[in-house]
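Beneath this line is the structure, given in structure tokens, with notes to follow.
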Amino acid sequence: MFGKEIRAKARCVLKACRSKGLHVATAESCTGGLISAALTEIAGSSDVFERGFVTYQNEAKAEDLGVSEESLAAHGAVSEPVAREMALGALRRSASEISIAVTGVAGPGGGSPEKPVGLVHLTSASRGGSVVHRRCEFGEIGREAIRESSVLAALDLLAGMVAEYPSNDSG
């Protein structure tokens, strides 16, 4: 289902999480569950992957993740504030120690001069209080390529969050 690069990155994330006893929750919009699918594509991932939220519509972001109506109205779904609220909401509504959230414009339509097709916001958060945001501008490379690039970027961001997370033996 996924290419070698995505599978390799997913394996690395899962291995790193296992070494620190961490669990992952995802909050996805434009990827429609592909990050969750990439992680669960790897046999044995159930000891790390806890749950995923696919919140494609604004109402779902608000209801399932607690994204504020104010943020959605002021910034729109494709924004850093909403990606941050999605990641934090996934932590609040799960037992996971780390989360990854993604929202963007996968196209081919739906873009604007301010938010062009290929714009993606990713945020990873941890119960330790770390929140890391990354803005990606993939351009109009096609819907499938934007979504695949988003999954790769999300796995990279998640791997970085896991690397920063304290080990079990350090308290």
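We label chains A, B, ... in the order they appear in the structure tokens, count residues from 1 in each chain, and number ligands from 1 in the order shown.
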Show which residues sit within 9 Å of A:Ala90, as an NGL selection string. Count only C-alpha atoms, and ignore same-chain residues fewer than 4 positions away. :A and (25-27 or 51-53 or 64-66 or 85-86 or 94 or 96 or 98-101 or 125)
Determine, counting only C-alpha atoms, which protein, DNA and RNA residues have an atom within 12 Å of an atom of stretch 138-154 of chain A; residues of the same chain fewer than 3 positions away are not included. Present the result as an mmCIF file with N, CA and C atoms, in the first residue's frame.
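Result file out_24.cif:
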```cif
data_model
loop_
_atom_site.group_PDB
_atom_site.id
_atom_site.type_symbol
_atom_site.label_atom_id
_atom_site.label_comp_id
_atom_site.auth_asym_id
_atom_site.auth_seq_id
_atom_site.Cartn_x
_atom_site.Cartn_y
_atom_site.Cartn_z
ATOM 1 N N MET A 1 0.822 -1.191 0.000
ATOM 2 C CA MET A 1 0.000 0.000 0.000
ATOM 3 C C MET A 1 0.871 1.262 0.000
ATOM 4 N N PHE A 2 1.930 1.261 0.765
ATOM 5 C CA PHE A 2 2.825 2.413 0.852
ATOM 6 C C PHE A 2 4.183 2.062 0.263
ATOM 7 N N GLY A 3 4.901 3.092 -0.186
ATOM 8 C CA GLY A 3 6.236 2.895 -0.721
ATOM 9 C C GLY A 3 7.245 2.580 0.374
ATOM 10 N N LYS A 4 8.435 2.202 -0.066
ATOM 11 C CA LYS A 4 9.500 1.800 0.866
ATOM 12 C C LYS A 4 9.868 2.913 1.839
ATOM 13 N N GLU A 5 9.910 4.166 1.356
ATOM 14 C CA GLU A 5 10.328 5.272 2.219
ATOM 15 C C GLU A 5 9.353 5.489 3.368
ATOM 16 N N ILE A 6 8.059 5.470 3.078
ATOM 17 C CA ILE A 6 7.060 5.650 4.137
ATOM 18 C C ILE A 6 7.117 4.484 5.114
ATOM 19 N N ARG A 7 7.198 3.269 4.614
ATOM 20 C CA ARG A 7 7.259 2.100 5.509
ATOM 21 C C ARG A 7 8.499 2.155 6.394
ATOM 22 N N ALA A 8 9.637 2.545 5.826
ATOM 23 C CA ALA A 8 10.879 2.629 6.612
ATOM 24 C C ALA A 8 10.747 3.690 7.704
ATOM 25 N N LYS A 9 10.200 4.841 7.359
ATOM 26 C CA LYS A 9 10.041 5.898 8.371
ATOM 27 C C LYS A 9 9.048 5.483 9.450
ATOM 28 N N ALA A 10 7.971 4.826 9.053
ATOM 29 C CA ALA A 10 6.987 4.352 10.037
ATOM 30 C C ALA A 10 7.635 3.345 10.987
ATOM 31 N N VAL A 13 9.795 5.232 13.497
ATOM 32 C CA VAL A 13 8.978 5.905 14.515
ATOM 33 C C VAL A 13 8.488 4.891 15.539
ATOM 34 N N THR A 26 -3.072 10.296 16.297
ATOM 35 C CA THR A 26 -3.023 11.158 15.120
ATOM 36 C C THR A 26 -4.306 11.968 15.021
ATOM 37 N N ALA A 27 -4.185 13.156 14.438
ATOM 38 C CA ALA A 27 -5.336 14.019 14.143
ATOM 39 C C ALA A 27 -5.141 14.485 12.704
ATOM 40 N N GLU A 28 -5.958 13.961 11.796
ATOM 41 C CA GLU A 28 -5.712 14.191 10.376
ATOM 42 C C GLU A 28 -6.903 14.834 9.684
ATOM 43 N N SER A 29 -6.574 15.740 8.776
ATOM 44 C CA SER A 29 -7.578 16.320 7.912
ATOM 45 C C SER A 29 -7.246 15.963 6.468
ATOM 46 N N CYS A 30 -6.359 16.683 5.816
ATOM 47 C CA CYS A 30 -6.101 16.489 4.383
ATOM 48 C C CYS A 30 -5.535 15.113 4.044
ATOM 49 N N THR A 31 -4.934 14.436 4.994
ATOM 50 C CA THR A 31 -4.389 13.105 4.725
ATOM 51 C C THR A 31 -5.429 12.002 4.928
ATOM 52 N N GLY A 32 -6.558 12.337 5.506
ATOM 53 C CA GLY A 32 -7.665 11.398 5.601
ATOM 54 C C GLY A 32 -7.350 10.064 6.262
ATOM 55 N N GLY A 33 -6.421 10.031 7.178
ATOM 56 C CA GLY A 33 -6.079 8.797 7.883
ATOM 57 C C GLY A 33 -4.842 8.088 7.354
ATOM 58 N N LEU A 34 -4.153 8.688 6.395
ATOM 59 C CA LEU A 34 -2.978 8.021 5.820
ATOM 60 C C LEU A 34 -1.811 7.898 6.792
ATOM 61 N N ILE A 35 -1.663 8.845 7.725
ATOM 62 C CA ILE A 35 -0.593 8.726 8.727
ATOM 63 C C ILE A 35 -0.886 7.525 9.618
ATOM 64 N N SER A 36 -2.122 7.422 10.065
ATOM 65 C CA SER A 36 -2.539 6.264 10.872
ATOM 66 C C SER A 36 -2.331 4.971 10.102
ATOM 67 N N ALA A 37 -2.716 4.987 8.823
ATOM 68 C CA ALA A 37 -2.567 3.795 7.989
ATOM 69 C C ALA A 37 -1.098 3.424 7.818
ATOM 70 N N ALA A 38 -0.227 4.415 7.650
ATOM 71 C CA ALA A 38 1.203 4.137 7.490
ATOM 72 C C ALA A 38 1.767 3.483 8.745
ATOM 73 N N LEU A 39 1.366 3.969 9.900
ATOM 74 C CA LEU A 39 1.856 3.385 11.158
ATOM 75 C C LEU A 39 1.297 1.982 11.364
ATOM 76 N N ALA A 83 -3.856 23.603 13.463
ATOM 77 C CA ALA A 83 -3.013 22.407 13.558
ATOM 78 C C ALA A 83 -2.553 22.186 14.996
ATOM 79 N N ALA A 87 -3.490 18.913 17.398
ATOM 80 C CA ALA A 87 -2.498 18.063 18.068
ATOM 81 C C ALA A 87 -2.747 18.003 19.570
ATOM 82 N N SER A 99 1.452 13.236 19.902
ATOM 83 C CA SER A 99 0.467 13.282 18.819
ATOM 84 C C SER A 99 1.066 13.978 17.610
ATOM 85 N N ILE A 100 0.420 13.753 16.486
ATOM 86 C CA ILE A 100 0.765 14.443 15.244
ATOM 87 C C ILE A 100 -0.548 14.873 14.591
ATOM 88 N N ALA A 101 -0.574 16.106 14.110
ATOM 89 C CA ALA A 101 -1.759 16.629 13.438
ATOM 90 C C ALA A 101 -1.370 17.216 12.098
ATOM 91 N N VAL A 102 -2.296 17.129 11.138
ATOM 92 C CA VAL A 102 -2.058 17.675 9.800
ATOM 93 C C VAL A 102 -3.347 18.271 9.252
ATOM 94 N N THR A 103 -3.202 19.439 8.644
ATOM 95 C CA THR A 103 -4.303 20.084 7.938
ATOM 96 C C THR A 103 -3.714 20.833 6.752
ATOM 97 N N GLY A 104 -4.389 20.790 5.625
ATOM 98 C CA GLY A 104 -3.821 21.428 4.449
ATOM 99 C C GLY A 104 -4.763 21.434 3.263
ATOM 100 N N VAL A 105 -4.234 21.896 2.137
ATOM 101 C CA VAL A 105 -4.979 21.958 0.882
ATOM 102 C C VAL A 105 -4.334 20.960 -0.080
ATOM 103 N N ALA A 106 -4.966 19.794 -0.244
ATOM 104 C CA ALA A 106 -4.403 18.755 -1.098
ATOM 105 C C ALA A 106 -4.763 18.946 -2.565
ATOM 106 N N GLY A 107 -5.789 19.713 -2.838
ATOM 107 C CA GLY A 107 -6.169 19.998 -4.214
ATOM 108 C C GLY A 107 -6.946 18.866 -4.857
ATOM 109 N N PRO A 108 -7.189 18.963 -6.146
ATOM 110 C CA PRO A 108 -6.623 19.967 -7.037
ATOM 111 C C PRO A 108 -7.250 21.351 -6.890
ATOM 112 N N GLY A 109 -8.455 21.442 -6.352
ATOM 113 C CA GLY A 109 -9.089 22.737 -6.118
ATOM 114 C C GLY A 109 -8.974 23.125 -4.665
ATOM 115 N N GLY A 110 -9.644 24.211 -4.311
ATOM 116 C CA GLY A 110 -9.716 24.625 -2.917
ATOM 117 C C GLY A 110 -8.641 25.586 -2.468
ATOM 118 N N GLY A 111 -7.694 25.866 -3.317
ATOM 119 C CA GLY A 111 -6.627 26.785 -2.945
ATOM 120 C C GLY A 111 -7.033 28.230 -3.158
ATOM 121 N N LYS A 115 -3.737 30.689 0.706
ATOM 122 C CA LYS A 115 -3.599 29.276 1.071
ATOM 123 C C LYS A 115 -3.642 28.444 -0.210
ATOM 124 N N PRO A 116 -2.516 28.387 -0.904
ATOM 125 C CA PRO A 116 -2.484 27.690 -2.189
ATOM 126 C C PRO A 116 -2.532 26.170 -2.041
ATOM 127 N N VAL A 117 -2.905 25.505 -3.121
ATOM 128 C CA VAL A 117 -2.837 24.054 -3.155
ATOM 129 C C VAL A 117 -1.401 23.655 -2.823
ATOM 130 N N GLY A 118 -1.271 22.682 -1.931
ATOM 131 C CA GLY A 118 0.050 22.218 -1.499
ATOM 132 C C GLY A 118 0.503 22.781 -0.168
ATOM 133 N N LEU A 119 -0.259 23.734 0.391
ATOM 134 C CA LEU A 119 0.068 24.268 1.716
ATOM 135 C C LEU A 119 -0.426 23.286 2.775
ATOM 136 N N VAL A 120 0.471 22.885 3.658
ATOM 137 C CA VAL A 120 0.135 21.929 4.715
ATOM 138 C C VAL A 120 0.756 22.404 6.022
ATOM 139 N N HIS A 121 -0.038 22.354 7.090
ATOM 140 C CA HIS A 121 0.450 22.650 8.438
ATOM 141 C C HIS A 121 0.466 21.350 9.235
ATOM 142 N N LEU A 122 1.612 21.066 9.854
ATOM 143 C CA LEU A 122 1.777 19.891 10.706
ATOM 144 C C LEU A 122 2.186 20.353 12.100
ATOM 145 N N THR A 123 1.667 19.696 13.100
ATOM 146 C CA THR A 123 2.065 19.982 14.477
ATOM 147 C C THR A 123 2.183 18.675 15.240
ATOM 148 N N SER A 124 3.253 18.541 15.997
ATOM 149 C CA SER A 124 3.417 17.417 16.910
ATOM 150 C C SER A 124 3.438 17.987 18.324
ATOM 151 N N ALA A 125 2.809 17.268 19.236
ATOM 152 C CA ALA A 125 2.744 17.718 20.628
ATOM 153 C C ALA A 125 3.022 16.542 21.554
ATOM 154 N N VAL A 132 5.613 21.388 18.392
ATOM 155 C CA VAL A 132 6.448 21.780 17.263
ATOM 156 C C VAL A 132 5.579 21.856 16.019
ATOM 157 N N HIS A 133 5.662 22.996 15.345
ATOM 158 C CA HIS A 133 4.880 23.221 14.123
ATOM 159 C C HIS A 133 5.805 23.265 12.921
ATOM 160 N N ARG A 134 5.301 22.789 11.803
ATOM 161 C CA ARG A 134 6.040 22.877 10.544
ATOM 162 C C ARG A 134 5.068 23.249 9.428
ATOM 163 N N ARG A 135 5.411 24.282 8.692
ATOM 164 C CA ARG A 135 4.623 24.699 7.527
ATOM 165 C C ARG A 135 5.330 24.158 6.285
ATOM 166 N N LEU A 157 8.434 14.680 11.531
ATOM 167 C CA LEU A 157 8.149 15.540 12.684
ATOM 168 C C LEU A 157 7.886 14.694 13.928
ATOM 169 N N LEU A 158 7.153 13.615 13.753
ATOM 170 C CA LEU A 158 6.867 12.703 14.857
ATOM 171 C C LEU A 158 8.158 12.068 15.381
ATOM 172 N N ALA A 159 9.038 11.673 14.482
ATOM 173 C CA ALA A 159 10.325 11.088 14.901
ATOM 174 C C ALA A 159 11.127 12.086 15.721
ATOM 175 N N GLY A 160 11.103 13.342 15.325
ATOM 176 C CA GLY A 160 11.797 14.373 16.093
ATOM 177 C C GLY A 160 11.213 14.549 17.481
ATOM 178 N N MET A 161 9.896 14.489 17.590
ATOM 179 C CA MET A 161 9.240 14.621 18.892
ATOM 180 C C MET A 161 9.607 13.440 19.787
#
```
If you run DSSP over the backbone, which residues in chain A end up helix (DSSP H, G or I)? Put them as a PyMOL selection string. chain A and resi 4-20+34-40+45-47+58-65+69-75+80-92+143-164+168-170
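For A:Ala62, the non-local neighbours within 10 Å, defined as residues at least 5 positions apart in the same chain or in other chains and counting only C-alpha atoms, are Thr55, Gln57, Val67, Ser68, Glu69, Ser71, Leu72, Val82, Glu85, Met86 and Gly89 of chain A.
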Now that the selection is made, can you save its residues with N, CA and C atoms as a PDB file, in the first residue's frame?
```pdb
ATOM      1  N   THR A  55     -10.626  14.174  10.991  1.00  0.00           N
ATOM      2  CA  THR A  55     -11.576  15.278  11.163  1.00  0.00           C
ATOM      3  C   THR A  55     -11.491  16.172   9.927  1.00  0.00           C
ATOM      4  N   GLN A  57     -14.027  17.771   8.228  1.00  0.00           N
ATOM      5  CA  GLN A  57     -14.846  18.984   8.275  1.00  0.00           C
ATOM      6  C   GLN A  57     -14.564  19.778   9.548  1.00  0.00           C
ATOM      7  N   VAL A  67     -11.187  21.811  18.779  1.00  0.00           N
ATOM      8  CA  VAL A  67     -10.673  23.005  18.107  1.00  0.00           C
ATOM      9  C   VAL A  67     -11.701  24.117  18.274  1.00  0.00           C
ATOM     10  N   SER A  68     -11.252  25.285  18.664  1.00  0.00           N
ATOM     11  CA  SER A  68     -12.183  26.372  18.963  1.00  0.00           C
ATOM     12  C   SER A  68     -12.803  26.956  17.699  1.00  0.00           C
ATOM     13  N   GLU A  69     -14.070  27.290  17.813  1.00  0.00           N
ATOM     14  CA  GLU A  69     -14.783  27.951  16.710  1.00  0.00           C
ATOM     15  C   GLU A  69     -14.092  29.271  16.378  1.00  0.00           C
ATOM     16  N   SER A  71     -10.833  29.992  16.541  1.00  0.00           N
ATOM     17  CA  SER A  71      -9.656  29.737  15.707  1.00  0.00           C
ATOM     18  C   SER A  71     -10.057  29.407  14.282  1.00  0.00           C
ATOM     19  N   LEU A  72     -11.079  28.583  14.130  1.00  0.00           N
ATOM     20  CA  LEU A  72     -11.542  28.223  12.796  1.00  0.00           C
ATOM     21  C   LEU A  72     -12.046  29.457  12.046  1.00  0.00           C
ATOM     22  N   VAL A  82      -4.901  26.140  14.111  1.00  0.00           N
ATOM     23  CA  VAL A  82      -5.790  24.978  14.074  1.00  0.00           C
ATOM     24  C   VAL A  82      -4.984  23.682  14.152  1.00  0.00           C
ATOM     25  N   GLU A  85      -4.107  23.214  17.763  1.00  0.00           N
ATOM     26  CA  GLU A  85      -5.260  22.774  18.552  1.00  0.00           C
ATOM     27  C   GLU A  85      -5.633  21.327  18.251  1.00  0.00           C
ATOM     28  N   MET A  86      -5.467  20.915  17.017  1.00  0.00           N
ATOM     29  CA  MET A  86      -5.732  19.518  16.661  1.00  0.00           C
ATOM     30  C   MET A  86      -4.772  18.583  17.397  1.00  0.00           C
ATOM     31  N   GLY A  89      -5.595  18.626  21.067  1.00  0.00           N
ATOM     32  CA  GLY A  89      -6.872  17.940  21.263  1.00  0.00           C
ATOM     33  C   GLY A  89      -6.711  16.430  21.204  1.00  0.00           C
TER      34      GLY A  89
END
```
Compile the contact shell of A:Tyr165 as a PyMOL selection string: residues with an atom at most 8 Å away, counting only C-alpha atoms, same-chain residues fewer than 5 positions apart removed. chain A and resi 20+126+128
Could the residues in this selection be saved with N, CA and C atoms as a tab-separated table (two decimals), in the first residue's frame?
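See out_7.tsv below for the written result:
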```tsv
chain	number	residue	atom	x	y	z
A	20	LYS	N	10.99	3.98	24.20
A	20	LYS	CA	10.68	4.92	25.28
A	20	LYS	C	9.31	4.67	25.90
A	126	SER	N	3.51	16.87	22.75
A	126	SER	CA	3.76	15.83	23.75
A	126	SER	C	3.17	16.23	25.09
A	128	GLY	N	4.68	16.20	27.70
A	128	GLY	CA	5.71	16.95	28.39
A	128	GLY	C	5.65	18.45	28.11
```
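Taking atom CA of A:Asp156 and atom CA of A:His75 as the two end points, the separation is 25.4 Å.
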